[in-house]
Every structure is written in C-alpha cells, then in structure tokens.
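One structure is given below, encoded as structure tokens.
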Amino acid sequence: MVDRITVEVARYRPEKEAEPSFQAYEVPCRKDWVILDGLNHIKDHLDGTLSYRWSCRMGVCGSCGMTVNGEPKLTCATFLADYAPGPLRVEPLRNFPIIRDVIVDIDDFMQKLSAVKPWLIRDAEKPLAEGEYRQTPAQLDEYKQFSMCINCMLCYSACPVYGLDPEFIGPAAIALAQRYNLDSRDQGARQRDEVLSKHEGIWSCTFVGECTKVCPKHVDPAGAIQRYKLSSAMGSVKDFLMPWRGK
Amino acid sequence: MSTERNRYTEFRPRWYRPKMSTWWWLKRWSSLAFILRELSSIFIAWFIYFFLRLVHALGRGDAAYREFLAWAASPGIVVLNGITFAFVLFHAVTWFNLAPQAMVVHLGGKRLPGALIAGANYAAWVVATALVLWIVSR
Ligand code: SF4
Ligand code: FES
C-alpha cells in the first residue's frame with residue numbers, strides 16, 4: 001500500500017474570489033514522485049480546474065517554479081517524499097502578481113531580460129572567409145556557469161530587494177548580462193552597462209545572497225552582481241584617473 | 001514597471017498582488033543575519049569615531065589622554081564597546097566569507113578556489129592582529 005500525503009495548494013480564481021485560499025488534496029506519496037507528479041495527479045484524477053505551469057519535467061524549461069513550504073523550488077526537481085508525512089503547502093512564486101491558482105505573471109521578468117540584451121553583440125561581424133570565432137576552454141569557463149540559467153525566476157522570488165522594489169532589474173537578468181559580458185566573442189559590455197549601472201541595476205542589490213542559495217542551476221547570480229559592482233567601480237576609478245582612456 | 005505596462009485586459013481579469021510584510025526579515029534566519037550585517041555598519045561607524053577620538057586625545061597630550069581613558073571606562077561606553085566588538089567580529093567574518101563571491105582571482109591562468117580567497121583574507125586578519133598585539137605588548 002502506498003503512503004499518502006496531503007498537499008495544500010493555493011487557489012485563486014479571480015472571476016469569483018477576491019483573494020487566494022488553500023485547498024487540500026490527498027495524493028499518493030510515492031518514492032519516485034516529485035511535487036509536480038502530485039499536482040498532475042490532482043489535475044488528472046481529483047480536480048481538473050487546478051492551474052499551474054510546467055513543461056519539461058526535467059529541470060530544463062524553468063516553468064514549474066513554485067513556493068513549497070515557503071521556499072522557492074522547481075517542483076519537477078523536488079521530491080514529495082522529502083516532505084513526508086506532510087502536509088505540504090504549494091503556493092505561487094513570491095514577488096510576482098498572481099494570475100490564477102499558482103500561476104504568476106512573468107511579463108516583468110521578460111522585459112527585464114531583453115533589456116540587458118542577452119545575445120552576442122559585435123561591433124562588426126568578421127567576414128565569413130575568416131572562419132569561426134574560436135574560444136579556448138579557459139575562455140568558456142569564464143562565463144559557462146552563468147549560461148546555465150533556465151529563467152525559472154526562483155531567484156526573483158527569493159530576493160527581498162525585488163519584493164520591495166519591483167524596478168530592480170534582478171538577479172537572473174544581471175547574471176545573464178554577465179554571461180555575455182564575460183564571453184570573449186562579445187563586444188556589447190558598454191551597451192549593457194547603460195542598463196546595469198543605473199540605480200535599479202546592480203546598485204540596488206544589497207547582497208542578501210538568497211538568489212544564489214535557491215538557484216537550482218548553481219548560477220550564483222549574487223556572485224555575478226558583486227563581480228559586476230567591483231569591475232564597474234574599478235572602471236570609474238580608472239576613468240577618473242585616466243580621463244583620456246577610450247570611451 | 002510591471003503595473004503600468006501590463007494593463008488590465010479581458011484575458012488578465014484581476015491580479016492578486018500580495019504585499020510584503022514589514023517584518024519579512026524576521027521570518028528566516030538568513031534574512032535576519034543579513035539585516036544584522038547591515039546594522040553592523042552603524043557600530044563600525046561608532047568604532048571609527050571612538051578610535052579617532054583616541055588618536056585625537058593622544059595628540060593633545062597626557063591630560064587629554066587621561067580624560068579620554070576615564071570617559072572610555074564609564075559603564076555606558078564599556079557596554080556599547082562590548083556590543084560593538086561583537087558586531088565588528090560578525091561583520092568581518094561574514095564579509096570574509098562573502099569575498100570569494102565578489103572576487104575572481106586568476107593565478108598562472110588558473111582560477112583560484114573560493115576557499116583560498118577567503119583563507120587569504122583570514123590570514124591577513126591574523127597577521128594584522130598579531131602585529132597589533134606585538135606593538136601593544138612590546
Ligand atoms: S539564476 Fe538560477 S534561480 Fe535565477 S532564473 Fe536562472 S536558474 Fe533560475
Ligand atoms: S517542468 Fe521544466 S523545469 Fe520543471
């Protein structure tokens with residue numbers, strides 16, 4: 001006989017409720033089930049009206065982030081049995097507006113993401129005949145960690161600065177900017193700096209460090225931000241001491 | 001940003017936007033530790049002020065220095081300095097532990113491991129402390 005566990009899921013139906021409430025469901029607590037399996041069980045067998053996002057169920061797409069017992073988690077990478085005997089609480093990611101049940105509005109993050117131009121920027125492309133842009137393993141290592149981000153937004157959910165000031169550009173966007181800034185093939189650092197060195201950019205960050213703790217991909221966004229602060233500060237000092245330095 | 005751009009539409013009938021509690025930093029130990037670290041800067045400022053007064057008194061001669069010592073020995077100041085010492089320690093330790101995240105040091109083409117960067121900070125601390133102890137006890 002399989003153990004069972006109670007999952008309390010936040011429900012919010014804007015067409016008939018003014019604020020969210022919890023609804024409890026009992027699901028099988030199987031050793032190999034992640035929380036997402038429990039939610040799918042509810043959707044398929046108990047209550048088809050429950051709304052939530054997911055896609056890959058293997059920690060790659062970044063769409064299944066929710067707040068589980070107060071902590072931001074990828075629900076496809078978090079085992080139900082770790083919360084036995086329960087009950088466990090599943091809520092929407094914090095710091096985002098809730099649309100329905102555990103679905104949040106991610107437009108704000110999407111806008112911020114494109115604001116930092118997360119793609120390779122070149123002043124001029126070299127002619128095709130000159131061949132590919134080569135990179136050594138050491139050059140790859142410089143940014144590889146930051147390229148692991150899956151845009152799951154757990155870091156935004158964990159960040160009190162973003163919670164208090166939604167203008168803050170936020171951990172993942174800065175980490176992704178650094179992913180390109182530190183790429184030897186990229187020349188767009190000056191363009192990204194316009195967004196990053198604003199007050200709502202890196203200087204809003206007070207180094208709480210929660211983003212790094214919750215990141216399921218070990219991106220270390222807090223580290224990316226502090227490194228950027230350091231190089232930005234060094235850059236201003238150099239500009240001050242050597243005003244003739246090329247812009 | 002979000003509130004303005006994502007206007008009310010038929011397809012997004014009504015957002016629910018929970019407010020962050022004023023007491024968010026009491027809910028988890030890591031947030032409390034963060035607030036304490038921020039708070040420690042006040043005590044660091046006091047420590048610097050105290051130290052500057054000491055140097056100032058020293059510069060003005062024997063009488064001024066004795067006066068300073070008497071002031072420093074008053075119970076209020078002693079208690080304050082005790083608390084300050086604890087906060088300065090907390091500040092230093094948490095700062096050193098965070099250093100590897102902000103600093104990437106390359107040596108001979110290799111990236112140094114974080115433990116080494118934190119370790120170097122601690123080592124410098126020990127050396128500086130030893131130096132001060134040596135000067136004081138000479
Ligand atoms: S930095 Fe980590 S927590 Fe933040 S969005 Fe990327 S993968 Fe998710
Ligand atoms: S469902 Fe894709 S990351 Fe969880």
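Residues are referred to by chain and number: the chain letter is A, B, ... according to the order shown in the structure tokens, the number counts from 1 in that chain, and ligands are numbered separately from 1 in the order shown.
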
Shell of 8 Å around Pro92 (chain A), only C-alpha atoms, local chain residues under 2 positions omitted, as a ChimeraX atom specification: /A:10,65-67,90,94,98,101-104

Non-local contacts of Met20 (chain B) (9 Å; only C-alpha atoms; under 3 positions in same chain excluded) as a count of residues only: 6

Chain A contacts to chain B at 6 Å (only C-alpha atoms) as a PyMOL selection string: chain A and resi 14+97-99+108+208+223+226-227

Within-9 Å residues of ligand 2, basis only C-alpha atoms and all ligand atoms, as a PyMOL selection string: chain A and resi 36+53-65+74-77+150+152

Given the selection you just returned, output its residues as a file containing C-alpha atoms, formatted as an mmCIF file, in the first residue's frame.
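Final output, out_28.cif:
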data_model
loop_
_atom_site.group_PDB
_atom_site.id
_atom_site.type_symbol
_atom_site.label_atom_id
_atom_site.label_comp_id
_atom_site.auth_asym_id
_atom_site.auth_seq_id
_atom_site.Cartn_x
_atom_site.Cartn_y
_atom_site.Cartn_z
ATOM 1 C CA LEU A 36 4.828 18.106 -9.977
ATOM 2 C CA ARG A 53 2.699 25.805 -15.377
ATOM 3 C CA TRP A 54 5.061 23.051 -16.366
ATOM 4 C CA SER A 55 6.624 21.600 -19.442
ATOM 5 C CA CYS A 56 9.829 19.578 -19.442
ATOM 6 C CA ARG A 57 9.530 17.929 -16.003
ATOM 7 C CA MET A 58 13.310 17.547 -16.008
ATOM 8 C CA GLY A 59 14.688 20.834 -14.685
ATOM 9 C CA VAL A 60 15.395 22.407 -18.063
ATOM 10 C CA CYS A 61 12.492 24.649 -19.100
ATOM 11 C CA GLY A 62 12.235 26.636 -15.877
ATOM 12 C CA SER A 63 8.452 26.886 -15.899
ATOM 13 C CA CYS A 64 7.452 24.859 -12.828
ATOM 14 C CA GLY A 65 8.809 27.133 -10.093
ATOM 15 C CA LEU A 74 11.427 23.701 -9.067
ATOM 16 C CA THR A 75 8.532 21.349 -8.436
ATOM 17 C CA CYS A 76 9.816 18.861 -11.013
ATOM 18 C CA ALA A 77 13.088 18.575 -9.126
ATOM 19 C CA ILE A 150 16.976 28.371 -17.144
ATOM 20 C CA CYS A 152 12.998 29.863 -13.657
#

Alpha helix (DSSP H) residues, from DSSP on the backbone, in region 93-146 of chain A, as a count of residues only: 17
